[in-house]
Amino acid sequence: MNDIRRTILWVIFGFSLVMLWDQWQVHNGRTPTFLPSAKPVATAPAPASGASAPATGVPAAAGGATSTASAPTAAPTAVPAERVQVETDVYKAAIDPQGGTLSRLELLQYMQETSHGGLMPMVRRWVGMPALPVVEEPVILMDDGPANRYLAQTGLLNPSGAGGSFPNHLSLMATKPGPYRMADGQDTLEVSFESQPAGGLKYVKTYVFKRGDYAIHVRHQVVNVGDQPRDPQLYLQLLRHGVESHGSMLGTSTFTGPAAYTNEKKFHKIAFADIAKGKAELPPVATDGWVSMVQHYFASAWLIEPTFSAGLKREFRVQGPDALGPNLYAVAMVANLPTVAPGASQSVDTVLFAGPEEEKKLEALAPGLDLVKDYGIFAIISKPLYWLLDQLHKLLGNWGWSIVALVVLLKAAFFWLNAKAYGSMAKMKAINPRIMEMRERLKDKPQEMQQEMMRIYREEKVNPLGGCFPIVIQIPVFIALYWVLLSSVEMRHAPWILWIRDLSAPDPWFILPLVMTGTTLLQTWLNPTPPDPMQAKLMWIMPLAFSVMFFFFPAGLVLYWITNNILSIAQQYVINRRLGVTK
């Protein structure tokens with residue numbers, strides 16, 4: 001019975017690794033290696049047409065003070081024919097004069113995935129994976145290309161419809177001439193866009209970029225140039241190409257798609273598929289919260305500054321391909337602004353976060369924003385593990401050695417549980433010759449064989465499940481650690497030693513996977529040999545077959561498994577010697 005359970009566990013473990021690897025491939029934009037989807041990846045979307053902000057109404061705007069400050073007096077220049085280029089120490093951005101839309105954003109301190117040489121390029125060609133570029137280029141988070149459209153849009157809505165439309169992300173806007181490049185010693189850089197009056201309102205949008213900051217401050221000024229009071233709504237929208245769903249029943253892939261947060265609803269993911277089907281579940285109208293677009297390692301989010309958030313009601317909306325075009329999705333936060341009297345203006349300060357999912361910085365920006373970093377189903381365990389890993393990195397200064405140190409600490413914490421498990425396996429190994437002799441003697445009498453086996457277990461005080469239960473207790477912890485290593489952007493392009501220059505990429509020379517395979521086989525050798533010859537062969541073949549997948553796993557994850565294996569082997573060897581069990 002114990003052998004059957006062990007075989008089943010190996011099968012589940014192997015299947016899990018297959019699914020893990022395939023979902024890793026999918027969420028890095030590649031073709032699945034083992035389980036290719038019957039559905040092709042969605043084709044390039046057509047440009048969105050029409051106003052992408054939803055047209056349905058929300059409850060009346062909450063009250064608030066109306067500014068009487070006059071509109072900017074400096075006359076804007078003519079609308080430029082091309083996009084406005086902005087460059088800071090962390091961004092290279094392009095802002096479209098149509099709506100002042102952020103239409104391209106490069107993260108200068110993060111490079112695209114690149115080839116690290118070694119044997120990996122040859123293997124990628126062999127398994128049919130696309131070759132990685134040799135030249136390193138910045139990560140492009142936002143773009144207006146037809147195949148990967150990703151934009152940050154804002155504008156004004158007229159909920160009553162009286163007097164015509166207000167300026168929105170389709171309105172042409174003017175700006176003062178550049179250049180817009182952050183000079184040495186300069187800490188802030190401002191770029192303003194001003195619309196022509198529409199519906200009696202003029203809309204002025206000012207981007208404020210700060211040195212070393214991935215939070216772009218955006219000031220929205222609404223000026224009433226008409227003779228009637230207006231009740232505008234400000235919408236903050238993120239529009240993005242969708243990702244064709246390649247679902248995993250194990251839920252092992254990091255989330256990609258829109259998300260929203262309110263104090264009442266908390267963090268809430270919104271799947272692309274649910275939007276397309278019209279079944280998206282959205283938070284109710286609230287006076288707090290934010291919207292975001294999440295992907296592996298990076299995210300964007302619209303936030304309203306706390307000073308302007310109090311009492312400012314907002315509604316959360318989504319749109320899909322039916323309204324925007326093939327494979328396009330949008331999530332928006334629509335806020336009711338106070339009534340703007342004729343000749344008066346109203347300003348709202350917001351923040352557009354667009355950058356890496358660095359947990360501490362996200363926590364400081366807004367409540368719950370750190371949750372865009374996907375930790376899977378064991379987030380409650382992953383967060384303290386990441387904290388511990390971060391503390392170790394502060395001490396050691398290297399993420400690779402921090403991983404090793406973290407596994408050592410975890411093994412120490414579970415030392416007595418592991419000791420019980422390995423002690424039980426050692427006892428099983430000690431009585432294994434008796435079990436095999438008994439099975440051969442009673443092979444034609446299965447009922448007597450079972451009774452005799454149970455008698456031997458009672459006499460030797462061996463629990464067949466004793467080696468499994470302590471390990472099962474630890475599984476959530478090690479799965480949580482897997483998610484920490486999988487989702488932490490700090491591992492991206494982080495070196496360890498010698499040839500390992502990127503812990504988030506596979507080992508280019510396959511040295512770590514070979515060590516992983518060797519330690520797995522050694523661990524199998526130390527375990528009790530199953531009495532059944534077929535199961536005994538499977539115990540050797542299955543870990544060898546599963547180790548093949550580690551050749552494609554990120555080096556940081558392989559390092560984690562190697563460290564865990566080596567410590568397990570050492571502990572198991574010591575326990576075997578203590579109990580007098582020899583091979």
# chains A, B, ... in the order shown; residues from 1 in each chain; ligands from 1
call {"tool": "residues_around", "arguments": {"residues": "Leu365 (chain A)", "least_positions_apart": "6", "cutoff": "10 Å", "atoms": "only C-alpha atoms", "output": "number ranges by chain"}}
result
A: 215, 303, 305, 351, 353
call {"tool": "closest_atom_pairs", "arguments": {"of": "region 218-290 of chain A", "to": "region 156-172 of chain A", "cutoff": "7 Å", "atoms": "only C-alpha atoms", "output": "JSON lines"}}
result
{"residue": "A:Pro232", "atom": "CA", "partner": "A:Asn158", "partner_atom": "CA", "distance": 5.4}
{"residue": "A:Gln233", "atom": "CA", "partner": "A:Leu157", "partner_atom": "CA", "distance": 4.9}
{"residue": "A:Leu234", "atom": "CA", "partner": "A:Leu156", "partner_atom": "CA", "distance": 4.7}
{"residue": "A:Tyr235", "atom": "CA", "partner": "A:Leu156", "partner_atom": "CA", "distance": 6.2}
call {"tool": "write_last_selection", "arguments": {"atoms": "C-alpha atoms", "output": "mmCIF file, in the first residue's frame"}}
result
data_model
loop_
_atom_site.group_PDB
_atom_site.id
_atom_site.type_symbol
_atom_site.label_atom_id
_atom_site.label_comp_id
_atom_site.auth_asym_id
_atom_site.auth_seq_id
_atom_site.Cartn_x
_atom_site.Cartn_y
_atom_site.Cartn_z
ATOM 1 C CA PRO A 232 -18.107 66.150 -15.181
ATOM 2 C CA GLN A 233 -16.799 62.675 -14.483
ATOM 3 C CA LEU A 234 -13.090 61.890 -14.692
ATOM 4 C CA TYR A 235 -12.180 58.462 -16.018
#
call {"tool": "decode", "arguments": {"residues": "region 179-260 of chain A", "atoms": "C-alpha atoms", "output": "compact mmCIF listing (two decimals), in the first residue's frame"}}
result
# COMPACT_ATOMS: atom_id res chain seq x y z
CA PRO A 179 12.77 68.87 -25.27
CA TYR A 180 11.54 66.83 -22.32
CA ARG A 181 14.63 65.13 -20.97
CA MET A 182 15.61 64.97 -17.32
CA ALA A 183 19.01 66.60 -16.98
CA ASP A 184 21.68 65.71 -14.44
CA GLY A 185 20.71 67.15 -11.08
CA GLN A 186 17.10 67.62 -12.14
CA ASP A 187 14.60 65.84 -9.91
CA THR A 188 11.26 66.53 -11.65
CA LEU A 189 10.07 66.90 -15.21
CA GLU A 190 6.63 68.25 -16.17
CA VAL A 191 4.73 67.89 -19.43
CA SER A 192 1.34 69.61 -19.83
CA PHE A 193 -1.41 69.08 -22.40
CA GLU A 194 -4.38 71.36 -22.93
CA SER A 195 -7.53 70.66 -24.90
CA GLN A 196 -9.78 72.99 -26.81
CA PRO A 197 -13.11 73.72 -25.08
CA ALA A 198 -15.76 71.05 -25.60
CA GLY A 199 -19.18 71.06 -23.96
CA GLY A 200 -18.17 74.22 -22.11
CA LEU A 201 -15.11 72.60 -20.46
CA LYS A 202 -11.39 72.77 -21.09
CA TYR A 203 -9.21 69.90 -19.86
CA VAL A 204 -5.57 70.38 -18.81
CA LYS A 205 -3.49 67.29 -18.01
CA THR A 206 0.01 67.57 -16.52
CA TYR A 207 2.43 64.64 -16.18
CA VAL A 208 5.01 65.01 -13.41
CA PHE A 209 7.93 62.58 -13.67
CA LYS A 210 10.27 62.24 -10.67
CA ARG A 211 13.81 60.92 -10.60
CA GLY A 212 14.05 57.24 -9.72
CA ASP A 213 10.28 56.97 -9.31
CA TYR A 214 7.91 54.63 -11.13
CA ALA A 215 4.91 56.60 -9.85
CA ILE A 216 4.00 59.26 -12.44
CA HIS A 217 1.96 62.04 -10.86
CA VAL A 218 -0.80 63.25 -13.17
CA ARG A 219 -2.74 66.45 -12.41
CA HIS A 220 -6.16 66.86 -14.06
CA GLN A 221 -7.54 70.41 -14.22
CA VAL A 222 -11.09 70.96 -15.45
CA VAL A 223 -11.86 74.58 -16.43
CA ASN A 224 -15.43 75.75 -17.06
CA VAL A 225 -15.23 78.27 -19.92
CA GLY A 226 -18.99 78.22 -20.53
CA ASP A 227 -21.91 79.99 -18.93
CA GLN A 228 -23.50 76.98 -17.25
CA PRO A 229 -22.35 74.86 -14.31
CA ARG A 230 -21.06 71.41 -15.31
CA ASP A 231 -20.94 68.05 -13.50
CA PRO A 232 -18.11 66.15 -15.18
CA GLN A 233 -16.80 62.67 -14.48
CA LEU A 234 -13.09 61.89 -14.69
CA TYR A 235 -12.18 58.46 -16.02
CA LEU A 236 -8.79 56.80 -15.57
CA GLN A 237 -8.41 53.87 -17.93
CA LEU A 238 -5.89 51.18 -18.79
CA LEU A 239 -6.35 49.50 -22.17
CA ARG A 240 -4.39 46.39 -22.99
CA HIS A 241 -4.21 43.54 -25.45
CA GLY A 242 -5.54 40.32 -23.98
CA VAL A 243 -3.76 37.02 -23.55
CA GLU A 244 -5.35 33.87 -24.94
CA SER A 245 -6.24 31.67 -21.98
CA HIS A 246 -4.24 28.47 -21.54
CA GLY A 247 -5.78 27.44 -18.25
CA SER A 248 -4.17 25.12 -15.76
CA MET A 249 -6.23 23.11 -13.35
CA LEU A 250 -3.40 23.50 -10.86
CA GLY A 251 -3.49 27.29 -11.03
CA THR A 252 0.29 27.53 -11.36
CA SER A 253 0.55 30.46 -13.76
CA THR A 254 0.98 34.05 -12.62
CA PHE A 255 -2.09 36.18 -13.25
CA THR A 256 -2.29 38.48 -16.27
CA GLY A 257 -5.16 40.91 -16.61
CA PRO A 258 -7.12 43.70 -14.90
CA ALA A 259 -7.54 43.97 -11.16
CA ALA A 260 -9.33 46.38 -8.82
